[in-house]
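Source file: work_20.tsv. Holds: TSV, C-alpha atoms.
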chain	number	residue	atom	x	y	z
W	1	MET	CA	93.26	98.49	108.30
W	2	GLU	CA	95.89	97.26	105.83
W	3	LYS	CA	95.75	99.10	102.51
W	4	ARG	CA	97.02	97.71	99.21
W	5	ASN	CA	98.00	99.48	96.00
W	6	LEU	CA	95.60	99.18	93.08
W	7	GLY	CA	98.25	98.61	90.44
W	8	GLN	CA	100.25	101.77	89.83
W	9	SER	CA	97.17	104.00	89.98
W	10	GLY	CA	98.12	105.69	93.25
W	11	LEU	CA	94.82	104.42	94.69
W	12	GLU	CA	94.85	102.25	97.81
W	13	ALA	CA	92.21	99.82	98.99
W	14	ALA	CA	91.51	97.65	101.99
W	15	PRO	CA	91.74	93.95	101.03
W	16	LEU	CA	87.99	93.39	100.56
W	17	ALA	CA	85.61	95.11	98.15
W	18	PHE	CA	81.86	95.43	98.60
W	19	GLY	CA	79.98	94.16	95.54
W	20	GLY	CA	77.25	96.65	94.69
W	21	ASN	CA	75.45	94.28	92.31
W	22	VAL	CA	72.91	93.62	95.09
W	23	PHE	CA	71.91	97.28	95.47
W	24	GLY	CA	68.48	97.83	93.95
W	25	TRP	CA	68.02	94.08	93.61
W	26	THR	CA	68.23	91.92	96.73
W	27	ALA	CA	69.10	94.93	98.93
W	28	ASP	CA	66.72	97.88	98.87
W	29	GLU	CA	67.88	101.46	99.37
W	30	ALA	CA	67.55	101.52	103.17
W	31	THR	CA	69.36	98.18	103.53
W	32	SER	CA	72.08	99.31	101.13
W	33	PHE	CA	72.68	102.47	103.20
W	34	THR	CA	72.97	100.40	106.39
W	35	LEU	CA	75.44	98.01	104.76
W	36	LEU	CA	77.59	100.79	103.31
W	37	ASP	CA	77.67	102.62	106.65
W	38	ALA	CA	78.82	99.46	108.44
W	39	PHE	CA	81.40	98.58	105.78
W	40	VAL	CA	83.08	101.99	105.83
W	41	ALA	CA	82.87	102.24	109.63
W	42	GLU	CA	85.15	99.17	109.84
W	43	GLY	CA	87.83	100.85	107.71
W	44	PHE	CA	86.96	99.33	104.32
W	45	ASN	CA	86.84	101.66	101.34
W	46	LEU	CA	86.47	99.80	98.02
W	47	ILE	CA	82.95	99.80	96.54
W	48	ASP	CA	82.33	98.08	93.22
W	49	THR	CA	79.41	98.77	90.90
W	50	ALA	CA	78.58	99.14	87.19
W	51	ASP	CA	76.20	101.06	84.96
W	52	VAL	CA	74.36	97.81	84.16
W	53	TYR	CA	73.64	96.89	87.83
W	54	SER	CA	70.96	95.72	88.44
W	55	ARG	CA	69.27	95.62	85.05
W	56	TRP	CA	68.36	91.93	85.43
W	57	ALA	CA	65.92	92.53	88.30
W	58	PRO	CA	62.23	92.82	87.33
W	59	GLY	CA	61.29	96.44	86.65
W	60	ASN	CA	64.91	97.65	86.53
W	61	LYS	CA	66.65	99.19	83.53
W	62	GLY	CA	70.22	99.52	84.86
W	63	GLY	CA	71.85	102.25	86.91
W	64	GLU	CA	69.97	101.38	90.09
W	65	SER	CA	73.10	100.42	92.02
W	66	GLU	CA	74.99	103.57	91.04
W	67	ALA	CA	71.97	105.71	91.99
W	68	ILE	CA	71.78	104.14	95.47
W	69	ILE	CA	75.52	104.63	96.01
W	70	GLY	CA	75.16	108.23	94.85
W	71	LYS	CA	72.40	108.93	97.36
W	72	TRP	CA	74.51	107.32	100.09
W	73	LEU	CA	77.56	109.41	99.14
W	74	LYS	CA	75.50	112.59	99.32
W	75	ARG	CA	73.86	111.64	102.64
W	76	SER	CA	77.00	110.33	104.35
W	77	GLY	CA	79.47	112.94	103.12
W	78	LYS	CA	82.07	110.18	102.78
W	79	ARG	CA	83.08	110.60	99.15
W	80	ASP	CA	86.72	111.16	100.14
W	81	LYS	CA	86.71	108.01	102.32
W	82	VAL	CA	85.91	105.57	99.54
W	83	VAL	CA	87.26	104.30	96.23
W	84	ILE	CA	84.38	103.94	93.77
W	85	VAL	CA	84.75	101.41	90.96
W	86	THR	CA	82.21	101.46	88.16
W	87	LYS	CA	82.16	100.06	84.66
W	88	VAL	CA	81.02	100.65	81.10
W	89	GLY	CA	80.50	98.40	78.09
W	90	MET	CA	77.94	95.75	79.04
W	91	GLU	CA	74.66	95.98	77.14
W	92	LEU	CA	72.12	98.33	78.70
W	93	SER	CA	70.03	98.25	75.52
W	94	PRO	CA	70.70	97.28	71.88
W	95	THR	CA	72.05	100.81	71.29
W	96	GLN	CA	73.82	101.20	74.66
W	97	LYS	CA	76.87	98.95	74.78
W	98	GLY	CA	80.49	98.61	73.77
W	99	LEU	CA	83.69	100.62	74.20
W	100	SER	CA	83.60	103.19	71.40
W	101	LYS	CA	84.89	106.62	72.33
W	102	ALA	CA	81.54	108.27	71.70
W	103	TYR	CA	79.68	105.78	73.89
W	104	ILE	CA	82.18	105.93	76.78
W	105	LEU	CA	82.13	109.76	76.80
W	106	LYS	CA	78.33	109.73	76.85
W	107	GLU	CA	77.89	106.94	79.40
W	108	VAL	CA	80.42	108.30	81.89
W	109	GLU	CA	78.22	111.39	82.27
W	110	GLU	CA	75.25	109.19	83.17
W	111	SER	CA	77.31	107.31	85.76
W	112	LEU	CA	78.64	110.54	87.27
W	113	LYS	CA	75.10	111.89	87.51
W	114	ARG	CA	73.77	108.76	89.21
W	115	LEU	CA	76.75	108.60	91.57
W	116	GLN	CA	76.34	112.31	92.39
W	117	THR	CA	80.08	112.87	92.11
W	118	ASP	CA	82.34	114.74	89.72
W	119	TYR	CA	84.90	111.94	89.42
W	120	ILE	CA	85.13	108.15	89.30
W	121	ASP	CA	88.14	106.64	91.06
W	122	LEU	CA	88.41	103.54	88.90
W	123	TYR	CA	86.54	103.17	85.59
W	124	LEU	CA	86.55	99.72	84.03
W	125	SER	CA	85.92	98.33	80.57
W	126	HIS	CA	83.31	95.82	81.73
W	127	LYS	CA	83.65	93.52	78.76
W	128	ASP	CA	86.01	93.38	75.80
W	129	ASP	CA	84.65	94.97	72.62
W	130	GLU	CA	86.41	93.53	69.59
W	131	THR	CA	84.42	95.79	67.23
W	132	THR	CA	86.20	98.89	68.58
W	133	PRO	CA	89.97	99.41	68.22
W	134	GLN	CA	91.60	99.33	71.65
W	135	LEU	CA	93.46	102.52	70.74
W	136	GLU	CA	90.13	104.36	70.41
W	137	THR	CA	88.94	103.09	73.79
W	138	LEU	CA	92.17	104.07	75.54
W	139	GLN	CA	92.08	107.52	73.91
W	140	ALA	CA	88.59	108.01	75.36
W	141	TYR	CA	89.88	107.14	78.82
W	142	ALA	CA	92.87	109.46	78.37
W	143	GLN	CA	90.45	112.32	77.69
W	144	LEU	CA	88.41	111.52	80.80
W	145	ILE	CA	91.53	111.37	82.98
W	146	ASN	CA	92.76	114.67	81.53
W	147	GLU	CA	89.36	116.21	82.31
W	148	GLY	CA	89.53	114.95	85.89
W	149	LYS	CA	86.41	112.81	85.54
W	150	VAL	CA	88.29	109.53	86.02
W	151	ARG	CA	91.36	108.86	88.18
W	152	ALA	CA	92.43	105.46	86.80
W	153	ILE	CA	91.18	102.72	84.49
W	154	GLY	CA	90.88	98.96	84.49
W	155	ALA	CA	89.42	96.04	82.59
W	156	SER	CA	87.12	93.13	83.32
W	157	ASN	CA	86.49	89.93	81.38
W	158	PHE	CA	89.53	90.39	79.11
W	159	SER	CA	91.66	87.53	77.84
W	160	ALA	CA	95.39	87.60	78.52
W	161	THR	CA	96.02	88.25	74.83
W	162	ARG	CA	93.71	91.26	74.67
W	163	LEU	CA	94.93	92.69	77.98
W	164	GLY	CA	98.52	92.31	76.81
W	165	GLU	CA	97.67	94.13	73.56
W	166	ALA	CA	96.03	96.96	75.50
W	167	LEU	CA	99.09	97.37	77.71
W	168	GLN	CA	101.33	97.50	74.65
W	169	ILE	CA	99.12	100.13	72.97
W	170	SER	CA	99.18	102.26	76.12
W	171	LYS	CA	102.97	102.07	76.18
W	172	GLU	CA	103.47	102.82	72.48
W	173	HIS	CA	101.03	105.74	72.42
W	174	ASP	CA	101.78	107.15	75.87
W	175	LEU	CA	98.21	106.55	77.00
W	176	PRO	CA	96.84	105.58	80.44
W	177	ARG	CA	97.01	101.83	80.97
W	178	TYR	CA	94.67	99.39	82.61
W	179	GLU	CA	95.87	99.44	86.23
W	180	VAL	CA	93.40	96.86	87.51
W	181	LEU	CA	91.89	93.65	86.19
W	182	GLN	CA	88.58	92.34	87.47
W	183	PRO	CA	88.46	88.62	86.60
W	184	LEU	CA	86.29	85.67	87.59
W	185	TYR	CA	88.40	84.00	90.29
W	186	ASN	CA	87.61	81.83	93.28
W	187	LEU	CA	88.55	78.42	94.69
W	188	TYR	CA	86.47	76.66	92.05
W	189	ASP	CA	87.03	78.95	89.04
W	190	ILE	CA	90.82	79.08	88.75
W	191	ASP	CA	91.43	79.56	85.01
W	192	PHE	CA	92.67	83.06	85.88
W	193	GLN	CA	95.83	81.47	87.31
W	194	ASP	CA	96.98	80.11	83.93
W	195	GLU	CA	97.76	83.20	81.83
W	196	LEU	CA	96.17	86.28	83.38
W	197	ALA	CA	97.74	86.00	86.84
W	198	PRO	CA	101.35	85.90	85.54
W	199	LEU	CA	100.57	88.84	83.21
W	200	CYS	CA	99.16	90.88	86.12
W	201	MET	CA	102.12	90.01	88.35
W	202	ALA	CA	104.66	90.90	85.66
W	203	ASN	CA	103.01	94.27	85.00
W	204	ASN	CA	102.07	95.18	88.58
W	205	ILE	CA	98.35	95.22	87.79
W	206	GLY	CA	95.91	95.14	90.69
W	207	VAL	CA	93.35	92.33	90.80
W	208	ILE	CA	89.85	92.60	92.26
W	209	SER	CA	88.18	89.25	91.73
W	210	TYR	CA	84.46	88.86	91.12
W	211	PHE	CA	82.23	85.90	92.06
W	212	SER	CA	84.78	85.39	94.85
W	213	LEU	CA	82.32	83.03	96.55
W	214	ALA	CA	81.29	81.27	93.30
W	215	SER	CA	77.81	82.86	93.26
W	216	GLY	CA	77.35	81.78	96.87
W	217	PHE	CA	78.38	78.13	96.51
W	218	LEU	CA	81.51	78.66	98.62
W	219	THR	CA	79.42	79.98	101.51
W	220	GLY	CA	78.56	76.33	102.13
W	221	LYS	CA	74.83	76.96	102.29
W	222	TYR	CA	74.13	75.05	99.08
W	223	ARG	CA	74.73	71.37	99.76
W	224	SER	CA	71.92	69.81	97.70
W	225	GLU	CA	69.48	70.59	94.88
W	226	ALA	CA	66.87	71.39	97.53
W	227	ASP	CA	69.05	74.27	98.78
W	228	LEU	CA	68.91	76.12	95.45
W	229	SER	CA	65.63	77.79	96.37
W	230	LYS	CA	67.26	79.52	99.37
W	231	SER	CA	68.22	82.57	97.35
W	232	PRO	CA	67.34	84.44	94.12
W	233	ARG	CA	70.89	83.51	93.02
W	234	GLY	CA	70.42	79.82	93.77
W	235	GLN	CA	70.16	78.60	90.18
W	236	GLY	CA	73.58	80.10	89.43
W	237	VAL	CA	75.08	77.64	91.90
W	238	LYS	CA	73.92	74.44	90.20
W	239	LYS	CA	76.99	74.16	87.97
W	240	TYR	CA	79.24	73.87	91.06
W	241	MET	CA	77.37	70.87	92.47
W	242	ASN	CA	79.69	68.11	91.34
W	243	LYS	CA	82.43	65.90	92.75
W	244	ARG	CA	85.10	68.62	92.58
W	245	GLY	CA	82.83	71.29	94.05
W	246	PHE	CA	81.82	69.16	97.02
W	247	HIS	CA	85.45	68.13	97.61
W	248	ILE	CA	86.44	71.80	97.79
W	249	LEU	CA	83.63	72.38	100.30
W	250	SER	CA	84.79	69.45	102.45
W	251	ILE	CA	88.34	70.84	102.64
W	252	MET	CA	86.96	74.30	103.43
W	253	ASP	CA	84.81	72.80	106.21
W	254	GLU	CA	87.85	71.08	107.68
W	255	ILE	CA	89.92	74.28	107.65
W	256	ALA	CA	87.02	76.40	108.96
W	257	GLN	CA	86.65	74.02	111.88
W	258	HIS	CA	90.39	74.18	112.60
W	259	TYR	CA	90.35	77.98	112.68
W	260	ASN	CA	86.95	78.19	114.37
W	261	THR	CA	85.56	80.23	111.50
W	262	THR	CA	83.21	79.85	108.51
W	263	PRO	CA	83.63	78.60	104.92
W	264	VAL	CA	83.00	82.20	103.76
W	265	SER	CA	86.02	83.48	105.66
W	266	VAL	CA	88.16	80.60	104.40
W	267	ALA	CA	87.22	81.21	100.74
W	268	LEU	CA	87.93	84.94	100.98
W	269	ALA	CA	91.06	84.53	103.10
W	270	TRP	CA	92.48	82.18	100.45
W	271	LEU	CA	91.97	84.86	97.79
W	272	ILE	CA	93.36	87.64	100.01
W	273	ALA	CA	96.48	85.49	100.55
W	274	GLN	CA	97.18	85.20	96.80
W	275	PRO	CA	100.08	87.57	95.99
W	276	VAL	CA	98.38	88.73	92.79
W	277	VAL	CA	95.04	89.63	94.43
W	278	THR	CA	94.47	93.14	95.75
W	279	ALA	CA	90.93	92.59	97.03
W	280	PRO	CA	88.22	90.02	96.36
W	281	ILE	CA	84.72	91.40	95.78
W	282	ALA	CA	81.88	89.97	97.85
W	283	SER	CA	78.27	91.00	98.39
W	284	ALA	CA	75.97	90.96	101.41
W	285	THR	CA	72.28	91.67	101.84
W	286	ASN	CA	72.20	91.90	105.64
W	287	LEU	CA	74.55	92.88	108.46
W	288	ASN	CA	75.18	89.30	109.60
W	289	GLN	CA	76.44	88.38	106.13
W	290	LEU	CA	78.55	91.54	105.97
W	291	HIS	CA	80.23	90.89	109.32
W	292	GLU	CA	81.04	87.36	108.16
W	293	LEU	CA	82.68	88.76	105.01
W	294	MET	CA	84.67	91.36	106.91
W	295	GLN	CA	86.05	88.78	109.35
W	296	ALA	CA	87.95	87.19	106.46
W	297	VAL	CA	90.61	89.93	106.49
W	298	ASN	CA	91.67	88.84	109.97
W	299	LEU	CA	92.05	85.17	109.04
W	300	LYS	CA	95.65	84.34	108.20
W	301	LEU	CA	95.77	80.84	106.72
W	302	ASP	CA	99.02	78.94	107.27
W	303	LYS	CA	100.98	77.32	104.44
W	304	GLY	CA	99.44	73.92	105.13
W	305	ALA	CA	95.88	75.25	104.83
W	306	LEU	CA	96.71	77.21	101.68
W	307	HIS	CA	98.30	74.12	100.12
W	308	LYS	CA	95.27	71.95	100.95
W	309	LEU	CA	92.91	74.48	99.38
W	310	GLU	CA	95.08	74.89	96.28
W	311	THR	CA	95.25	71.10	95.85
W	312	ALA	CA	91.47	70.81	96.17
W	313	ALA	CA	90.98	73.65	93.68
W	314	ARG	CA	93.19	71.89	91.14
W	315	GLN	CA	91.52	68.49	91.48
W	316	GLN	CA	89.77	67.31	88.34
W	317	ASN	CA	86.15	66.18	88.33

With the file now loaded, output its structure as structure tokens.
Amino acid sequence: MEKRNLGQSGLEAAPLAFGGNVFGWTADEATSFTLLDAFVAEGFNLIDTADVYSRWAPGNKGGESEAIIGKWLKRSGKRDKVVIVTKVGMELSPTQKGLSKAYILKEVEESLKRLQTDYIDLYLSHKDDETTPQLETLQAYAQLINEGKVRAIGASNFSATRLGEALQISKEHDLPRYEVLQPLYNLYDIDFQDELAPLCMANNIGVISYFSLASGFLTGKYRSEADLSKSPRGQGVKKYMNKRGFHILSIMDEIAQHYNTTPVSVALAWLIAQPVVTAPIASATNLNQLHELMQAVNLKLDKGALHKLETAARQQN
């Protein structure tokens, strides 16, 4: 399995990440274990989660995904085979949010406990916190790295301006820098390409994209309003059902047919082929879905296919 550098962190990852947002939500513990076993057995190693997953599910309070991964790590004995990404900063409760030093130092202990590990490979600022000086946040991460509780850090949902500022602060104060960015990026949502992608390329920052399949729209299973009831995530797809979205799907269908594959593989293969992308994140709730995701790493799109997809992605509504 090809491995790619996650920025300058020294960490390496296969070019597809498993999205742990489904654990404790649409995938119960037993299903999650089965999926993780199958994912790692195929040579993949990047597992993405967050302290807030999956707070949105009825009866959940957050931390469910980390707890399931922790139980799997303990049962499987494969801690050294995987790169665990988790995050801090999203609101768990009105008093549990943000990127202050005190909160990060407290919350990391909760994540470590749930994950049943003594270190996190990649710890991300899940959301920018403009109420806390970035210097304070980076000093907190420096302490955690010095203590051996975190190996490297990254950011998610940051603007190019704020990420650039953070990189400058790290340089000026000799602090750890954000080695990875986790942005919204897929064939439909391409704003990342404007300012963030050049910044990441120029600074050798790894990119692990989220909503790589546009909340499921790019799987091709949502073709009409009637299809929205197919999944608990269906309503999140509605915004993609427009002229541009359906044009992207039609080009994906054409390319999938040419390569004798699926729209899922095409969407992920396009991301994997982007020079700035280290690994797209995608989720599965059963083994059939997972195998479809994993097949994408073997699909090498030619220049013509990549150009067609890029042109469709840039078409205006």

Original post:
Please, what distance in Å, to one decimal, runs between atom CA of W:Gly148 and atom CA of W:Thr161?
Top reply: 29.6 Å

Scan for residues within 9 Å of the point (75.3, 116.0, 96.1) in the coordinates of the file, using only C-alpha atoms, and reply as a CSV table (one decimal) with C-alpha atoms, in the frame of the given file.
chain,number,residue,atom,x,y,z
W,70,GLY,CA,75.2,108.2,94.8
W,71,LYS,CA,72.4,108.9,97.4
W,73,LEU,CA,77.6,109.4,99.1
W,74,LYS,CA,75.5,112.6,99.3
W,75,ARG,CA,73.9,111.6,102.6
W,77,GLY,CA,79.5,112.9,103.1
W,115,LEU,CA,76.8,108.6,91.6
W,116,GLN,CA,76.3,112.3,92.4
W,117,THR,CA,80.1,112.9,92.1

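Nearest to W:Glu110 of all the residues W:Ala67, W:Leu268, W:Ala152, W:Met252 is W:Ala67, counting all atoms listed in the file.
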
**OP:** List the residues sitting within 6 Å of (80.7, 103.3, 76.9) in the file's frame, using all atoms listed in the file, as a VMD selection string.
**Re:** chain W and resid 88 to 89 98 to 99 103 to 104 107

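With distances restricted to all atoms listed in the file, W:Arg314 is the closest residue to W:Leu187 from W:Lys87, W:Lys97, W:Lys61, W:Arg314.
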
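For the pair atom CA of W:Asp28 and atom CA of W:Gln182, the separation is 25.3 Å.
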
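The residue that comes closest to W:Glu165, out of W:Leu138, W:Gln193, W:Tyr185, W:Gln143 and on the basis of only C-alpha atoms, is W:Leu138.
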
Subject >> Atomic separation - atom CA of W:Arg223 relative to atom CA of W:Ala267, Å >> reply: 15.9 Å

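When the distance limit is 7 Å and all atoms listed in the file are what count, the residues near stretch 11-24 of chain W, minus those fewer than 5 positions from it on the same chain, are Met1, Glu2, Lys3, Arg4, Asn5, Leu6, Glu29, Ser32, Phe44, Asn45, Leu46, Ile47, Asp48, Thr49, Tyr53, Ser54, Glu64, Ser65, Ile68, Ile272, Thr278, Ala279, Pro280, Ile281, Ala282, Ser283 and Val297 of chain W.
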
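Considering the residues W:Ile208, W:Leu287, W:Ile169, W:Ile153 and counting only C-alpha atoms, W:Asn186 has its shortest atom-to-atom contact with W:Ile208.
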